[in-house]
$ cat upload25.txt   # compact mmCIF, C-alpha atoms
# COMPACT_ATOMS: atom_id res chain seq x y z
CA MET A 1 -19.78 2.05 -0.10
CA LEU A 2 -20.11 0.01 -3.26
CA THR A 3 -22.01 -3.22 -3.05
CA GLN A 4 -21.07 -6.35 -4.91
CA TRP A 5 -24.55 -7.81 -4.91
CA ASN A 6 -25.49 -10.33 -7.49
CA ARG A 7 -21.96 -11.48 -8.00
CA GLN A 8 -21.77 -14.55 -10.16
CA LEU A 9 -21.49 -17.79 -8.25
CA PRO A 10 -18.33 -19.69 -9.13
CA ALA A 11 -18.65 -22.26 -11.89
CA ALA A 12 -17.29 -24.87 -9.48
CA LEU A 13 -20.44 -24.42 -7.40
CA LYS A 14 -22.97 -23.95 -10.19
CA GLU A 15 -21.72 -27.07 -11.97
CA SER A 16 -21.82 -29.24 -8.85
CA ALA A 17 -24.48 -31.93 -8.58
CA HIS A 18 -25.53 -30.49 -5.21
CA PHE A 19 -26.27 -27.04 -6.59
CA GLN A 20 -27.86 -28.37 -9.78
CA ALA A 21 -30.25 -30.46 -7.65
CA LEU A 22 -31.70 -27.28 -6.09
CA THR A 23 -35.03 -25.98 -7.28
CA GLU A 24 -35.00 -22.57 -8.93
CA GLN A 25 -36.40 -21.04 -5.73
CA GLU A 26 -33.74 -22.71 -3.58
CA ALA A 27 -30.96 -21.53 -5.90
CA THR A 28 -32.35 -17.99 -5.88
CA SER A 29 -32.64 -18.06 -2.08
CA PHE A 30 -29.07 -19.33 -1.82
CA GLN A 31 -27.81 -16.38 -3.87
CA ALA A 32 -30.04 -13.97 -1.94
CA ARG A 33 -28.58 -15.23 1.34
CA LEU A 34 -25.06 -14.44 0.11
CA ALA A 35 -26.20 -10.95 -0.93
CA TYR A 36 -27.77 -10.51 2.53
CA ILE A 37 -24.46 -11.48 4.13
CA GLU A 38 -22.75 -8.81 2.05
CA GLU A 39 -25.32 -6.26 3.27
CA ILE A 40 -24.58 -7.25 6.86
CA LEU A 41 -20.84 -6.95 6.21
CA GLN A 42 -21.28 -3.49 4.70
CA ARG A 43 -23.22 -2.35 7.75
CA ILE A 44 -20.48 -3.61 10.07
CA GLU A 45 -17.79 -1.92 7.99
CA GLY A 46 -19.79 1.31 7.93
CA TRP A 47 -20.15 1.28 11.70
CA LEU A 48 -16.48 0.49 12.24
CA ALA A 49 -15.55 3.39 9.94
CA LEU A 50 -17.20 5.76 12.42
CA ASP A 51 -14.14 5.23 14.64
CA ASN A 52 -16.04 3.98 17.67
CA GLU A 53 -18.65 6.72 17.57
CA TRP A 54 -22.00 5.03 17.74
CA VAL A 55 -24.15 4.97 14.66
CA ARG A 56 -25.29 8.46 13.67
CA GLY A 57 -23.84 9.88 16.88
CA GLU A 58 -26.16 7.91 19.15
CA ASN A 59 -24.63 6.88 22.46
CA ASP A 60 -26.51 3.62 22.75
CA PRO A 61 -24.63 0.73 21.11
CA ARG A 62 -27.93 -1.15 20.85
CA ALA A 63 -28.87 1.18 17.97
CA PHE A 64 -26.26 -0.73 15.98
CA LEU A 65 -26.30 -4.12 17.70
CA ASP A 66 -30.04 -4.82 17.80
CA PRO A 67 -30.71 -4.80 14.05
CA LEU A 68 -27.40 -6.53 13.33
CA GLU A 69 -28.18 -9.33 15.79
CA LEU A 70 -31.61 -9.76 14.22
CA ASP A 71 -30.16 -9.92 10.70
CA LEU A 72 -27.55 -12.48 11.73
CA ALA A 73 -30.16 -14.60 13.51
CA ILE A 74 -32.47 -14.53 10.49
CA ASN A 75 -29.60 -15.32 8.13
CA GLN A 76 -28.41 -18.31 10.12
CA ASN A 77 -31.79 -19.67 11.23
CA PRO A 78 -34.49 -18.77 8.76
CA CYS A 79 -37.94 -19.54 10.10
CA TYR A 80 -39.78 -18.58 6.93
CA GLU A 81 -40.33 -20.25 3.58
CA ARG A 82 -38.61 -23.46 4.70
CA ASP A 83 -39.73 -25.20 1.53
CA LYS A 84 -38.04 -22.56 -0.65
CA ARG A 85 -34.72 -22.30 1.12
CA ILE A 86 -31.92 -24.76 1.74
CA SER A 87 -30.68 -24.76 5.33
CA CYS A 88 -27.08 -24.24 6.39
CA TRP A 89 -27.24 -27.59 8.15
CA LEU A 90 -28.26 -29.38 4.96
CA ILE A 91 -25.32 -27.86 3.12
CA HIS A 92 -22.92 -28.84 5.91
CA SER A 93 -24.34 -32.33 6.14
CA THR A 94 -24.93 -33.35 2.54
CA TRP A 95 -22.78 -31.19 0.27
CA ILE A 96 -19.54 -32.75 1.53
CA PRO A 97 -17.21 -33.28 -1.42
CA GLU A 98 -15.93 -36.77 -1.98
CA LYS A 99 -12.60 -37.28 -0.16
CA CYS A 100 -12.78 -33.75 1.26
CA HIS A 101 -14.36 -34.25 4.66
CA TYR A 102 -11.06 -34.42 6.50
CA HIS A 103 -9.21 -31.96 4.28
CA THR A 104 -11.46 -28.92 4.51
CA LEU A 105 -8.82 -26.90 6.37
CA ASP A 106 -6.42 -27.39 3.46
CA HIS A 107 -8.56 -24.96 1.47
CA LEU A 108 -8.58 -22.16 4.07
CA SER A 109 -5.83 -19.63 4.72
CA ASN A 110 -4.03 -19.69 8.06
CA LYS A 111 -5.29 -16.17 8.73
CA LEU A 112 -8.89 -17.30 8.24
CA ILE A 113 -8.39 -20.32 10.47
CA ASN A 114 -6.95 -18.03 13.15
CA ARG A 115 -9.99 -15.73 12.91
CA ILE A 116 -12.38 -18.67 13.21
CA GLU A 117 -10.45 -19.82 16.29
CA GLU A 118 -10.13 -16.32 17.76
CA SER A 119 -11.73 -16.00 21.19
CA LEU A 120 -14.79 -13.90 21.79
CA PRO A 121 -14.18 -10.62 23.59
CA PRO A 122 -14.37 -10.90 27.39
CA LEU A 123 -17.82 -10.38 28.85
CA SER A 124 -16.57 -7.22 30.56
CA CYS A 125 -14.32 -5.37 28.14
CA LYS A 126 -13.96 -1.87 26.87
CA ILE A 127 -15.76 -1.12 23.66
CA SER A 128 -12.42 -0.68 21.87
CA ILE A 129 -11.60 -4.35 22.54
CA PHE A 130 -15.00 -5.37 21.18
CA THR A 131 -14.60 -3.24 18.05
CA THR A 132 -11.12 -4.69 17.42
CA TRP A 133 -12.61 -8.19 17.59
CA LEU A 134 -15.51 -7.12 15.37
CA SER A 135 -13.07 -5.64 12.85
CA HIS A 136 -11.12 -8.92 12.73
CA GLN A 137 -14.30 -10.90 12.18
CA ALA A 138 -15.53 -8.49 9.49
CA ASP A 139 -12.20 -8.75 7.64
CA ALA A 140 -12.41 -12.54 7.82
CA LEU A 141 -16.01 -12.48 6.59
CA LYS A 142 -15.07 -10.27 3.63
CA SER A 143 -12.10 -12.46 2.76
CA THR A 144 -14.23 -15.60 3.00
CA LEU A 145 -16.89 -14.18 0.69
CA ASN A 146 -14.23 -13.17 -1.84
CA GLU A 147 -12.55 -16.59 -1.67
CA LEU A 148 -15.93 -18.27 -2.09
CA TYR A 149 -16.77 -16.28 -5.20
CA ASP A 150 -13.26 -16.78 -6.60
CA ALA A 151 -13.12 -20.53 -5.88
CA ASP A 152 -11.95 -22.57 -8.82
CA HIS A 153 -12.88 -26.01 -7.47
CA TYR A 154 -15.76 -27.40 -5.46
CA GLU A 155 -13.72 -28.40 -2.39
CA LYS A 156 -12.71 -24.77 -1.92
CA VAL A 157 -16.34 -23.66 -2.30
CA TYR A 158 -17.46 -26.11 0.36
CA ALA A 159 -14.67 -25.12 2.77
CA HIS A 160 -15.59 -21.44 2.45
CA LEU A 161 -19.31 -22.11 2.90
CA ILE A 162 -18.47 -23.85 6.19
CA ALA A 163 -16.09 -21.02 7.19
CA LEU A 164 -18.75 -18.45 6.34
CA ASP A 165 -21.25 -20.10 8.68
CA CYS A 166 -18.62 -20.39 11.42
CA LEU A 167 -17.92 -16.66 11.20
CA LEU A 168 -21.59 -15.65 11.05
CA THR A 169 -22.47 -17.82 14.04
CA LYS A 170 -19.50 -16.44 15.95
CA LEU A 171 -20.55 -12.87 15.14
CA LEU A 172 -24.04 -13.62 16.41
CA LEU A 173 -22.66 -15.11 19.62
CA GLY A 174 -20.33 -12.12 20.09
CA LEU A 175 -23.24 -9.70 19.76
CA ILE A 176 -25.42 -11.65 22.16
CA THR A 177 -22.70 -11.87 24.81
CA ALA A 178 -21.93 -8.14 24.41
CA ARG A 179 -25.33 -7.49 25.98
CA MET A 180 -23.88 -8.66 29.31
CA ASN A 181 -20.99 -6.20 29.15
CA GLU A 182 -21.15 -3.81 32.09
CA TYR A 183 -18.99 -1.24 30.27
CA TRP A 184 -21.69 -0.77 27.67
CA GLU A 185 -24.10 0.68 30.22
CA SER A 186 -22.02 3.84 30.36
CA ALA A 187 -21.37 4.05 26.64
$ encode --input "upload25.txt" --output "structure tokens"
Amino acid sequence: MLTQWNRQLPAALKESAHFQALTEQEATSFQARLAYIEEILQRIEGWLALDNEWVRGENDPRAFLDPLELDLAINQNPCYERDKRISCWLIHSTWIPEKCHYHTLDHLSNKLINRIEESLPPLSCKISIFTTWLSHQADALKSTLNELYDADHYEKVYAHLIALDCLLTKLLLGLITARMNEYWESA
């Protein structure tokens, strides 16, 4: 699987006052976080490509879920180097474009909005239902990353940063709730 690490941030983001106000370390950490998200996405896609066979033939879904849950938790809630990294909350709270606050949805596709609004899998569902949900979320995550990097204006960048965090948080919640799934005991 080819990685697209170190993609160039869109000019609309790099030229924004918010991004330019970041220290060099914060800007580097911001880009590293996006690369980390792409790594997570590649791992999900790789696992889904195994056609519901657990990673490397293992029967325990935790072999896949445990490290993925940890990576998502670290990505969304970093507890290290707080002075070198800008938090998701700070971006959500202070990077709001002028006159954009109530029009963020205008910059997202209907398909992406539907994926953000898609329900979590039931607590007791077959693994195939979970993997279908995971596939939908991975597709939305990939699309959101691509739209973010291709954004030609700041409002679109901001909307996709928010969407990205919605999807990542939802993925984390989906993985955590999957631990309560009684069907997984016999997987």
$ atom_distance --input "upload25.txt" --atom1 "atom CA of A:Ala73" --atom2 "atom CA of A:Leu168"
9.0 Å
$ closest_residue --input "upload25.txt" --among "A:Arg179, A:Lys126, A:Lys111, A:Arg33" --to "A:Ser143" --atoms "only C-alpha atoms"
A:Lys111
$ atom_distance --input "upload25.txt" --atom1 "atom CA of A:Val157" --atom2 "atom CA of A:Leu13"
6.6 Å
$ closest_residue --input "upload25.txt" --among "A:Leu173, A:Ala138, A:Ala178, A:Cys166" --to "A:Gly46" --atoms "all atoms listed in the file"
A:Ala138
$ atom_distance --input "upload25.txt" --atom1 "atom CA of A:Leu68" --atom2 "atom CA of A:Ala159"
24.9 Å
$ residues_around --input "upload25.txt" --residues "A:Leu9" --least-positions-apart "6" --cutoff "12 Å" --atoms "all atoms listed in the file" --output "ChimeraX atom specification"
/A:15-16,19,27-28,30-32,34-35,145-154,157
$ residues_near_point --input "upload25.txt" --point "(-16.0, -13.8, 25.1)" --cutoff "9 Å" --atoms "all atoms listed in the file" --output "PDB file with C-alpha atoms, in the coordinates of the input"
ATOM      1  CA  SER A 119     -11.730 -16.000  21.190  1.00  0.00           C
ATOM      2  CA  LEU A 120     -14.790 -13.900  21.790  1.00  0.00           C
ATOM      3  CA  PRO A 121     -14.180 -10.620  23.590  1.00  0.00           C
ATOM      4  CA  PRO A 122     -14.370 -10.900  27.390  1.00  0.00           C
ATOM      5  CA  LEU A 123     -17.820 -10.380  28.850  1.00  0.00           C
ATOM      6  CA  SER A 124     -16.570  -7.220  30.560  1.00  0.00           C
ATOM      7  CA  LEU A 173     -22.660 -15.110  19.620  1.00  0.00           C
ATOM      8  CA  GLY A 174     -20.330 -12.120  20.090  1.00  0.00           C
ATOM      9  CA  THR A 177     -22.700 -11.870  24.810  1.00  0.00           C
ATOM     10  CA  ALA A 178     -21.930  -8.140  24.410  1.00  0.00           C
TER      11      ALA A 178
END
$ closest_residue --input "upload25.txt" --among "A:Ala12, A:Leu134, A:Thr169, A:Ala21" --to "A:Ala49" --atoms "only C-alpha atoms"
A:Leu134
